[in-house]
file target.txt (compact mmCIF, N, CA and C atoms)
# COMPACT_ATOMS: atom_id res chain seq x y z
N MET A 1 20.04 -2.22 9.42
CA MET A 1 19.07 -3.28 9.16
C MET A 1 18.21 -2.95 7.95
N SER A 2 17.96 -1.69 7.71
CA SER A 2 17.11 -1.29 6.59
C SER A 2 17.72 -1.70 5.25
N ILE A 3 19.03 -1.55 5.10
CA ILE A 3 19.69 -1.95 3.85
C ILE A 3 19.58 -3.45 3.67
N PHE A 4 19.82 -4.21 4.73
CA PHE A 4 19.70 -5.67 4.67
C PHE A 4 18.29 -6.08 4.27
N ALA A 5 17.29 -5.46 4.88
CA ALA A 5 15.89 -5.77 4.56
C ALA A 5 15.60 -5.46 3.09
N ASN A 6 16.08 -4.32 2.61
CA ASN A 6 15.83 -3.95 1.22
C ASN A 6 16.54 -4.89 0.25
N VAL A 7 17.72 -5.37 0.62
CA VAL A 7 18.42 -6.35 -0.22
C VAL A 7 17.60 -7.63 -0.30
N LEU A 8 17.07 -8.07 0.82
CA LEU A 8 16.23 -9.28 0.81
C LEU A 8 14.98 -9.08 -0.04
N VAL A 9 14.36 -7.92 0.07
CA VAL A 9 13.18 -7.62 -0.76
C VAL A 9 13.56 -7.67 -2.24
N GLY A 10 14.69 -7.07 -2.57
CA GLY A 10 15.16 -7.08 -3.96
C GLY A 10 15.43 -8.49 -4.45
N LEU A 11 16.00 -9.33 -3.61
CA LEU A 11 16.26 -10.73 -4.00
C LEU A 11 14.96 -11.50 -4.22
N VAL A 12 13.98 -11.26 -3.37
CA VAL A 12 12.68 -11.91 -3.56
C VAL A 12 12.03 -11.42 -4.85
N ALA A 13 12.16 -10.14 -5.15
CA ALA A 13 11.62 -9.61 -6.42
C ALA A 13 12.32 -10.28 -7.60
N LEU A 14 13.65 -10.40 -7.54
CA LEU A 14 14.38 -11.07 -8.62
C LEU A 14 13.98 -12.53 -8.76
N LEU A 15 13.75 -13.20 -7.65
CA LEU A 15 13.28 -14.58 -7.69
C LEU A 15 11.97 -14.68 -8.46
N HIS A 16 11.07 -13.73 -8.24
CA HIS A 16 9.78 -13.78 -8.90
C HIS A 16 9.87 -13.39 -10.37
N VAL A 17 10.83 -12.56 -10.72
CA VAL A 17 11.08 -12.29 -12.15
C VAL A 17 11.59 -13.58 -12.80
N TYR A 18 12.49 -14.28 -12.14
CA TYR A 18 13.01 -15.54 -12.64
C TYR A 18 11.88 -16.56 -12.83
N ILE A 19 10.99 -16.67 -11.86
CA ILE A 19 9.86 -17.58 -11.97
C ILE A 19 8.97 -17.17 -13.14
N LEU A 20 8.75 -15.86 -13.30
CA LEU A 20 7.97 -15.37 -14.44
C LEU A 20 8.57 -15.87 -15.75
N VAL A 21 9.87 -15.71 -15.91
CA VAL A 21 10.54 -16.13 -17.15
C VAL A 21 10.38 -17.64 -17.35
N LEU A 22 10.60 -18.42 -16.31
CA LEU A 22 10.45 -19.87 -16.42
C LEU A 22 9.03 -20.26 -16.83
N GLU A 23 8.05 -19.67 -16.18
CA GLU A 23 6.67 -20.08 -16.41
C GLU A 23 6.07 -19.50 -17.70
N MET A 24 6.48 -18.32 -18.08
CA MET A 24 5.88 -17.69 -19.26
C MET A 24 6.63 -18.01 -20.55
N PHE A 25 7.93 -18.17 -20.48
CA PHE A 25 8.72 -18.27 -21.71
C PHE A 25 9.51 -19.56 -21.85
N LEU A 26 9.80 -20.25 -20.75
CA LEU A 26 10.65 -21.44 -20.82
C LEU A 26 9.95 -22.70 -20.35
N TRP A 27 8.63 -22.67 -20.24
CA TRP A 27 7.88 -23.78 -19.66
C TRP A 27 8.09 -25.10 -20.42
N GLU A 28 8.18 -25.02 -21.74
CA GLU A 28 8.32 -26.24 -22.54
C GLU A 28 9.78 -26.60 -22.80
N ARG A 29 10.70 -25.79 -22.34
CA ARG A 29 12.13 -26.07 -22.51
C ARG A 29 12.68 -26.66 -21.21
N ALA A 30 13.94 -27.03 -21.25
CA ALA A 30 14.57 -27.73 -20.11
C ALA A 30 14.41 -27.00 -18.77
N PRO A 31 14.67 -25.69 -18.69
CA PRO A 31 14.54 -25.05 -17.37
C PRO A 31 13.12 -25.12 -16.81
N GLY A 32 12.13 -24.86 -17.63
CA GLY A 32 10.74 -24.90 -17.18
C GLY A 32 10.29 -26.31 -16.86
N ARG A 33 10.69 -27.25 -17.69
CA ARG A 33 10.31 -28.64 -17.44
C ARG A 33 11.01 -29.18 -16.21
N GLY A 34 12.22 -28.67 -15.94
CA GLY A 34 12.90 -29.06 -14.71
C GLY A 34 12.17 -28.56 -13.48
N LEU A 35 11.59 -27.38 -13.61
CA LEU A 35 10.81 -26.82 -12.51
C LEU A 35 9.56 -27.64 -12.25
N SER A 36 8.86 -27.99 -13.31
CA SER A 36 7.59 -28.70 -13.17
C SER A 36 7.74 -30.20 -13.05
N GLY A 37 8.77 -30.75 -13.69
CA GLY A 37 8.92 -32.20 -13.73
C GLY A 37 8.04 -32.86 -14.78
N PHE A 38 7.41 -32.05 -15.65
CA PHE A 38 6.51 -32.58 -16.66
C PHE A 38 7.27 -33.08 -17.88
N ASP A 39 6.68 -34.08 -18.55
CA ASP A 39 7.23 -34.48 -19.84
C ASP A 39 6.79 -33.45 -20.89
N ALA A 40 7.26 -33.60 -22.12
CA ALA A 40 7.00 -32.60 -23.17
C ALA A 40 5.50 -32.42 -23.43
N ALA A 41 4.76 -33.51 -23.45
CA ALA A 41 3.32 -33.42 -23.74
C ALA A 41 2.58 -32.68 -22.62
N MET A 42 2.90 -32.99 -21.39
CA MET A 42 2.23 -32.31 -20.27
C MET A 42 2.63 -30.85 -20.21
N ALA A 43 3.89 -30.55 -20.47
CA ALA A 43 4.33 -29.15 -20.48
C ALA A 43 3.58 -28.37 -21.55
N ARG A 44 3.40 -28.96 -22.71
CA ARG A 44 2.66 -28.30 -23.80
C ARG A 44 1.21 -28.08 -23.38
N ALA A 45 0.61 -29.08 -22.76
CA ALA A 45 -0.80 -28.98 -22.36
C ALA A 45 -1.01 -27.95 -21.25
N THR A 46 -0.03 -27.78 -20.39
CA THR A 46 -0.20 -26.88 -19.25
C THR A 46 0.43 -25.50 -19.47
N ARG A 47 0.95 -25.27 -20.67
CA ARG A 47 1.62 -24.00 -20.94
C ARG A 47 0.75 -22.77 -20.63
N PRO A 48 -0.53 -22.75 -21.06
CA PRO A 48 -1.35 -21.56 -20.73
C PRO A 48 -1.51 -21.35 -19.22
N LEU A 49 -1.63 -22.42 -18.47
CA LEU A 49 -1.76 -22.30 -17.01
C LEU A 49 -0.47 -21.76 -16.41
N ALA A 50 0.66 -22.28 -16.89
CA ALA A 50 1.95 -21.82 -16.39
C ALA A 50 2.18 -20.35 -16.72
N ALA A 51 1.79 -19.94 -17.93
CA ALA A 51 1.96 -18.54 -18.31
C ALA A 51 1.13 -17.63 -17.41
N ASN A 52 -0.06 -18.07 -17.05
CA ASN A 52 -0.90 -17.30 -16.14
C ASN A 52 -0.24 -17.18 -14.77
N GLN A 53 0.31 -18.29 -14.27
CA GLN A 53 1.03 -18.25 -13.00
C GLN A 53 2.23 -17.31 -13.08
N GLY A 54 2.93 -17.37 -14.20
CA GLY A 54 4.08 -16.50 -14.40
C GLY A 54 3.70 -15.03 -14.34
N LEU A 55 2.57 -14.70 -14.94
CA LEU A 55 2.10 -13.33 -14.92
C LEU A 55 1.86 -12.86 -13.48
N TYR A 56 1.25 -13.71 -12.67
CA TYR A 56 1.02 -13.36 -11.28
C TYR A 56 2.33 -13.17 -10.52
N ASN A 57 3.32 -14.01 -10.82
CA ASN A 57 4.63 -13.82 -10.20
C ASN A 57 5.25 -12.49 -10.62
N GLY A 58 5.00 -12.08 -11.85
CA GLY A 58 5.47 -10.77 -12.30
C GLY A 58 4.82 -9.64 -11.52
N PHE A 59 3.54 -9.79 -11.22
CA PHE A 59 2.85 -8.77 -10.42
C PHE A 59 3.44 -8.69 -9.02
N LEU A 60 3.79 -9.84 -8.45
CA LEU A 60 4.43 -9.83 -7.13
C LEU A 60 5.77 -9.10 -7.20
N ALA A 61 6.55 -9.39 -8.23
CA ALA A 61 7.85 -8.72 -8.39
C ALA A 61 7.65 -7.22 -8.56
N ALA A 62 6.69 -6.82 -9.37
CA ALA A 62 6.43 -5.39 -9.60
C ALA A 62 6.02 -4.70 -8.30
N GLY A 63 5.20 -5.36 -7.51
CA GLY A 63 4.80 -4.78 -6.23
C GLY A 63 5.97 -4.61 -5.28
N LEU A 64 6.86 -5.59 -5.27
CA LEU A 64 8.04 -5.48 -4.40
C LEU A 64 8.96 -4.36 -4.85
N VAL A 65 9.14 -4.21 -6.15
CA VAL A 65 9.96 -3.10 -6.66
C VAL A 65 9.30 -1.77 -6.32
N TRP A 66 7.98 -1.70 -6.48
CA TRP A 66 7.26 -0.48 -6.10
C TRP A 66 7.52 -0.16 -4.62
N GLY A 67 7.46 -1.18 -3.77
CA GLY A 67 7.72 -0.98 -2.35
C GLY A 67 9.13 -0.47 -2.07
N LEU A 68 10.07 -0.90 -2.90
CA LEU A 68 11.46 -0.45 -2.71
C LEU A 68 11.67 1.00 -3.14
N ILE A 69 10.93 1.45 -4.15
CA ILE A 69 11.18 2.80 -4.67
C ILE A 69 10.23 3.85 -4.09
N ALA A 70 9.11 3.42 -3.53
CA ALA A 70 8.16 4.37 -2.95
C ALA A 70 8.68 4.90 -1.62
N ALA A 71 8.38 6.14 -1.36
CA ALA A 71 8.77 6.75 -0.09
C ALA A 71 7.92 6.15 1.05
N ASP A 72 8.53 6.07 2.21
CA ASP A 72 7.78 5.61 3.38
C ASP A 72 6.84 6.70 3.85
N PRO A 73 5.70 6.40 4.39
CA PRO A 73 5.27 5.11 4.88
C PRO A 73 4.66 4.20 3.79
N THR A 74 4.36 4.74 2.62
CA THR A 74 3.75 3.92 1.57
C THR A 74 4.66 2.76 1.19
N GLY A 75 5.95 3.01 0.99
CA GLY A 75 6.87 1.95 0.60
C GLY A 75 6.90 0.82 1.60
N PHE A 76 6.94 1.16 2.87
CA PHE A 76 6.94 0.15 3.93
C PHE A 76 5.66 -0.69 3.85
N GLN A 77 4.53 -0.03 3.73
CA GLN A 77 3.25 -0.73 3.68
C GLN A 77 3.15 -1.64 2.45
N VAL A 78 3.65 -1.17 1.32
CA VAL A 78 3.62 -1.96 0.09
C VAL A 78 4.54 -3.17 0.21
N ARG A 79 5.73 -2.97 0.78
CA ARG A 79 6.65 -4.09 0.97
C ARG A 79 6.02 -5.15 1.87
N VAL A 80 5.43 -4.72 2.97
CA VAL A 80 4.79 -5.67 3.90
C VAL A 80 3.66 -6.42 3.19
N PHE A 81 2.81 -5.70 2.46
CA PHE A 81 1.68 -6.34 1.78
C PHE A 81 2.16 -7.38 0.77
N PHE A 82 3.09 -7.00 -0.10
CA PHE A 82 3.51 -7.93 -1.15
C PHE A 82 4.35 -9.08 -0.60
N LEU A 83 5.13 -8.85 0.43
CA LEU A 83 5.85 -9.96 1.05
C LEU A 83 4.89 -10.92 1.75
N ALA A 84 3.84 -10.39 2.35
CA ALA A 84 2.81 -11.26 2.93
C ALA A 84 2.14 -12.08 1.82
N CYS A 85 1.87 -11.46 0.67
CA CYS A 85 1.28 -12.19 -0.47
C CYS A 85 2.22 -13.29 -0.94
N VAL A 86 3.50 -12.98 -1.07
CA VAL A 86 4.50 -13.98 -1.48
C VAL A 86 4.51 -15.15 -0.50
N THR A 87 4.50 -14.84 0.78
CA THR A 87 4.58 -15.88 1.80
C THR A 87 3.33 -16.76 1.79
N VAL A 88 2.17 -16.14 1.73
CA VAL A 88 0.92 -16.90 1.70
C VAL A 88 0.84 -17.76 0.44
N ALA A 89 1.20 -17.19 -0.71
CA ALA A 89 1.20 -17.96 -1.96
C ALA A 89 2.17 -19.13 -1.87
N GLY A 90 3.32 -18.91 -1.26
CA GLY A 90 4.31 -19.98 -1.11
C GLY A 90 3.83 -21.09 -0.19
N VAL A 91 3.18 -20.72 0.90
CA VAL A 91 2.64 -21.73 1.82
C VAL A 91 1.54 -22.52 1.12
N TYR A 92 0.65 -21.82 0.44
CA TYR A 92 -0.44 -22.49 -0.27
C TYR A 92 0.11 -23.43 -1.34
N GLY A 93 1.05 -22.94 -2.14
CA GLY A 93 1.65 -23.78 -3.16
C GLY A 93 2.39 -24.97 -2.58
N GLY A 94 3.06 -24.75 -1.46
CA GLY A 94 3.77 -25.83 -0.80
C GLY A 94 2.85 -26.91 -0.26
N LEU A 95 1.68 -26.50 0.19
CA LEU A 95 0.74 -27.46 0.73
C LEU A 95 -0.10 -28.15 -0.34
N THR A 96 -0.31 -27.49 -1.48
CA THR A 96 -1.21 -28.03 -2.49
C THR A 96 -0.53 -28.54 -3.75
N ALA A 97 0.65 -28.03 -4.07
CA ALA A 97 1.28 -28.40 -5.33
C ALA A 97 2.59 -29.16 -5.14
N ASN A 98 3.53 -28.55 -4.43
CA ASN A 98 4.85 -29.15 -4.29
C ASN A 98 5.52 -28.57 -3.05
N ARG A 99 5.96 -29.42 -2.17
CA ARG A 99 6.56 -28.96 -0.91
C ARG A 99 7.81 -28.10 -1.13
N ARG A 100 8.48 -28.25 -2.26
CA ARG A 100 9.67 -27.43 -2.54
C ARG A 100 9.33 -25.94 -2.56
N ILE A 101 8.08 -25.61 -2.85
CA ILE A 101 7.66 -24.21 -2.91
C ILE A 101 7.77 -23.56 -1.53
N LEU A 102 7.62 -24.35 -0.49
CA LEU A 102 7.80 -23.80 0.87
C LEU A 102 9.19 -23.21 1.03
N LEU A 103 10.21 -23.94 0.56
CA LEU A 103 11.59 -23.46 0.69
C LEU A 103 11.94 -22.42 -0.36
N ALA A 104 11.41 -22.58 -1.57
CA ALA A 104 11.80 -21.71 -2.67
C ALA A 104 11.08 -20.37 -2.66
N GLN A 105 9.86 -20.31 -2.14
CA GLN A 105 9.09 -19.08 -2.18
C GLN A 105 8.67 -18.59 -0.79
N ALA A 106 8.06 -19.46 -0.01
CA ALA A 106 7.54 -19.02 1.30
C ALA A 106 8.65 -18.60 2.25
N LEU A 107 9.71 -19.40 2.33
CA LEU A 107 10.79 -19.08 3.26
C LEU A 107 11.49 -17.76 2.91
N PRO A 108 11.90 -17.53 1.66
CA PRO A 108 12.50 -16.22 1.35
C PRO A 108 11.55 -15.06 1.61
N GLY A 109 10.28 -15.25 1.26
CA GLY A 109 9.30 -14.19 1.52
C GLY A 109 9.14 -13.90 3.00
N ALA A 110 9.08 -14.95 3.80
CA ALA A 110 8.92 -14.77 5.25
C ALA A 110 10.15 -14.13 5.87
N LEU A 111 11.34 -14.54 5.43
CA LEU A 111 12.57 -13.93 5.96
C LEU A 111 12.65 -12.45 5.60
N ALA A 112 12.32 -12.12 4.36
CA ALA A 112 12.34 -10.71 3.95
C ALA A 112 11.28 -9.93 4.71
N LEU A 113 10.09 -10.52 4.91
CA LEU A 113 9.04 -9.84 5.66
C LEU A 113 9.49 -9.58 7.09
N ALA A 114 10.10 -10.56 7.72
CA ALA A 114 10.59 -10.37 9.09
C ALA A 114 11.63 -9.26 9.14
N ALA A 115 12.54 -9.24 8.16
CA ALA A 115 13.58 -8.19 8.14
C ALA A 115 12.96 -6.81 7.95
N VAL A 116 11.96 -6.72 7.08
CA VAL A 116 11.29 -5.42 6.85
C VAL A 116 10.59 -4.96 8.13
N LEU A 117 9.92 -5.87 8.81
CA LEU A 117 9.21 -5.50 10.03
C LEU A 117 10.18 -5.10 11.13
N VAL A 118 11.28 -5.80 11.25
CA VAL A 118 12.28 -5.44 12.28
C VAL A 118 12.90 -4.08 11.95
N ALA A 119 13.17 -3.85 10.68
CA ALA A 119 13.79 -2.57 10.27
C ALA A 119 12.81 -1.43 10.36
N GLY A 120 11.49 -1.78 10.26
CA GLY A 120 10.36 -0.89 10.23
C GLY A 120 10.50 0.44 10.78

call {"tool": "encode", "arguments": {"input": "target.txt", "output": "structure tokens"}}
result
Amino acid sequence: MSIFANVLVGLVALLHVYILVLEMFLWERAPGRGLSGFDAAMARATRPLAANQGLYNGFLAAGLVWGLIAADPTGFQVRVFFLACVTVAGVYGGLTANRRILLAQALPGALALAAVLVAG
């Protein structure tokens, strides 16, 4: 179960690296605009906000990678903390910004968190 949990953590980390790239570097291009649904003018106007969000997603990814490489018990605690952050951020985003965030961020985070706790 530990390997499965770590694979899920790694996938969630990769997801957040992908979100970082979309929000920080591709926001005004097709992939970023597809994520936001904004037209070119709105994407340009919101680019600084998106880049800030992307940076936070990068911090989540970095924390998850730290949790994967740190020895336990620290690694376990870091994985639990950052997966809880991912899940809470996903729920908040899903309730306040776009319901798709519940499936795209909160659900993977919650599944990985459950796997880490079971493997614990």

call {"tool": "atom_distance", "arguments": {"input": "target.txt", "atom1": "CA of Val7 in chain A", "atom2": "CA of Phe82 in chain A"}}
result
15.0 Å

call {"tool": "atom_distance", "arguments": {"input": "target.txt", "atom1": "atom C of Val86 in chain A", "atom2": "atom N of Gln105 in chain A"}}
result
7.6 Å

call {"tool": "residues_around", "arguments": {"input": "target.txt", "residues": "Val9 in chain A", "least_positions_apart": "5", "cutoff": "10 Å", "atoms": "only C-alpha atoms", "output": "number ranges by chain"}}
result
A: 3-4, 14-15, 61, 64-65, 67-68, 79-80, 82-83, 108-109, 111-113, 115-116

call {"tool": "atom_distance", "arguments": {"input": "target.txt", "atom1": "CA of Gly90 in chain A", "atom2": "CA of Leu102 in chain A"}}
result
5.5 Å

call {"tool": "closest_residue", "arguments": {"input": "target.txt", "among": "A:Ala13, A:Ala30, A:Leu22, A:Val118", "to": "Gly63 in chain A", "atoms": "only N, CA and C atoms"}}
result
A:Ala13

call {"tool": "closest_residue", "arguments": {"input": "target.txt", "among": "A:Val12, A:Val17, A:Ala119, A:Val88", "to": "Asn57 in chain A", "atoms": "only N, CA and C atoms"}}
result
A:Val17

call {"tool": "closest_residue", "arguments": {"input": "target.txt", "among": "A:Leu60, A:Ala40, A:Ala71, A:Ala84", "to": "Tyr18 in chain A", "atoms": "only C-alpha atoms"}}
result
A:Leu60

call {"tool": "select_by_dssp", "arguments": {"input": "target.txt", "residues": "range 65-106 of chain A", "states": "alpha helix (DSSP H)", "output": "number ranges by chain"}}
result
A: 65-69, 74-96, 100-101

call {"tool": "closest_residue", "arguments": {"input": "target.txt", "among": "A:Gly94, A:Gly54, A:Gly10, A:Gly37", "to": "Phe25 in chain A", "atoms": "only C-alpha atoms"}}
result
A:Gly54

call {"tool": "build_atoms", "arguments": {"input": "target.txt", "residues": "range 72-83 of chain A", "atoms": "all heavy atoms", "output": "compact mmCIF listing (two decimals), in the frame of the given file"}}
result
# COMPACT_ATOMS: atom_id res chain seq x y z
N ASP A 72 8.53 6.07 2.21
CA ASP A 72 7.78 5.61 3.38
C ASP A 72 6.84 6.70 3.85
O ASP A 72 7.13 7.87 3.64
CB ASP A 72 8.76 5.21 4.50
CG ASP A 72 9.50 3.92 4.17
OD1 ASP A 72 8.96 3.12 3.39
OD2 ASP A 72 10.61 3.72 4.69
N PRO A 73 5.70 6.40 4.39
CA PRO A 73 5.27 5.11 4.88
C PRO A 73 4.66 4.20 3.79
O PRO A 73 4.50 3.00 4.02
CB PRO A 73 4.22 5.43 5.93
CG PRO A 73 3.60 6.70 5.44
CD PRO A 73 4.73 7.46 4.77
N THR A 74 4.36 4.74 2.62
CA THR A 74 3.75 3.92 1.57
C THR A 74 4.66 2.76 1.19
O THR A 74 4.20 1.62 1.08
CB THR A 74 3.43 4.77 0.33
OG1 THR A 74 2.53 5.82 0.71
CG2 THR A 74 2.81 3.94 -0.77
N GLY A 75 5.95 3.01 0.99
CA GLY A 75 6.87 1.95 0.60
C GLY A 75 6.90 0.82 1.60
O GLY A 75 6.88 -0.36 1.23
N PHE A 76 6.94 1.16 2.87
CA PHE A 76 6.94 0.15 3.93
C PHE A 76 5.66 -0.69 3.85
O PHE A 76 5.71 -1.92 3.90
CB PHE A 76 7.05 0.82 5.30
CG PHE A 76 6.89 -0.13 6.45
CD1 PHE A 76 7.94 -0.96 6.84
CD2 PHE A 76 5.69 -0.21 7.14
CE1 PHE A 76 7.79 -1.84 7.91
CE2 PHE A 76 5.53 -1.09 8.20
CZ PHE A 76 6.58 -1.91 8.59
N GLN A 77 4.53 -0.03 3.73
CA GLN A 77 3.25 -0.73 3.68
C GLN A 77 3.15 -1.64 2.45
O GLN A 77 2.66 -2.76 2.54
CB GLN A 77 2.10 0.27 3.69
CG GLN A 77 2.01 1.03 5.00
CD GLN A 77 1.12 2.27 4.91
OE1 GLN A 77 0.83 2.76 3.82
NE2 GLN A 77 0.71 2.76 6.06
N VAL A 78 3.65 -1.17 1.32
CA VAL A 78 3.62 -1.96 0.09
C VAL A 78 4.54 -3.17 0.21
O VAL A 78 4.18 -4.28 -0.19
CB VAL A 78 3.98 -1.08 -1.13
CG1 VAL A 78 4.23 -1.90 -2.37
CG2 VAL A 78 2.89 -0.04 -1.38
N ARG A 79 5.73 -2.97 0.78
CA ARG A 79 6.65 -4.09 0.97
C ARG A 79 6.02 -5.15 1.87
O ARG A 79 6.07 -6.35 1.56
CB ARG A 79 7.99 -3.62 1.56
CG ARG A 79 8.83 -2.83 0.58
CD ARG A 79 10.23 -2.54 1.09
NE ARG A 79 10.31 -1.86 2.36
CZ ARG A 79 10.28 -0.53 2.53
NH1 ARG A 79 10.14 0.27 1.48
NH2 ARG A 79 10.37 0.01 3.72
N VAL A 80 5.43 -4.72 2.97
CA VAL A 80 4.79 -5.67 3.90
C VAL A 80 3.66 -6.42 3.19
O VAL A 80 3.56 -7.66 3.28
CB VAL A 80 4.28 -4.95 5.17
CG1 VAL A 80 3.37 -5.87 5.99
CG2 VAL A 80 5.45 -4.47 6.00
N PHE A 81 2.81 -5.70 2.46
CA PHE A 81 1.68 -6.34 1.78
C PHE A 81 2.16 -7.38 0.77
O PHE A 81 1.70 -8.53 0.78
CB PHE A 81 0.81 -5.29 1.08
CG PHE A 81 -0.27 -5.92 0.23
CD1 PHE A 81 -1.41 -6.43 0.81
CD2 PHE A 81 -0.11 -6.02 -1.15
CE1 PHE A 81 -2.40 -7.03 0.03
CE2 PHE A 81 -1.09 -6.62 -1.93
CZ PHE A 81 -2.23 -7.12 -1.34
N PHE A 82 3.09 -7.00 -0.10
CA PHE A 82 3.51 -7.93 -1.15
C PHE A 82 4.35 -9.08 -0.60
O PHE A 82 4.25 -10.20 -1.10
CB PHE A 82 4.21 -7.19 -2.30
CG PHE A 82 3.23 -6.57 -3.25
CD1 PHE A 82 2.86 -5.25 -3.11
CD2 PHE A 82 2.64 -7.33 -4.25
CE1 PHE A 82 1.93 -4.68 -3.97
CE2 PHE A 82 1.70 -6.77 -5.11
CZ PHE A 82 1.35 -5.44 -4.97
N LEU A 83 5.13 -8.85 0.43
CA LEU A 83 5.85 -9.96 1.05
C LEU A 83 4.89 -10.92 1.75
O LEU A 83 5.11 -12.14 1.73
CB LEU A 83 6.91 -9.45 2.02
CG LEU A 83 8.13 -8.80 1.36
CD1 LEU A 83 8.97 -8.08 2.39
CD2 LEU A 83 8.95 -9.82 0.59
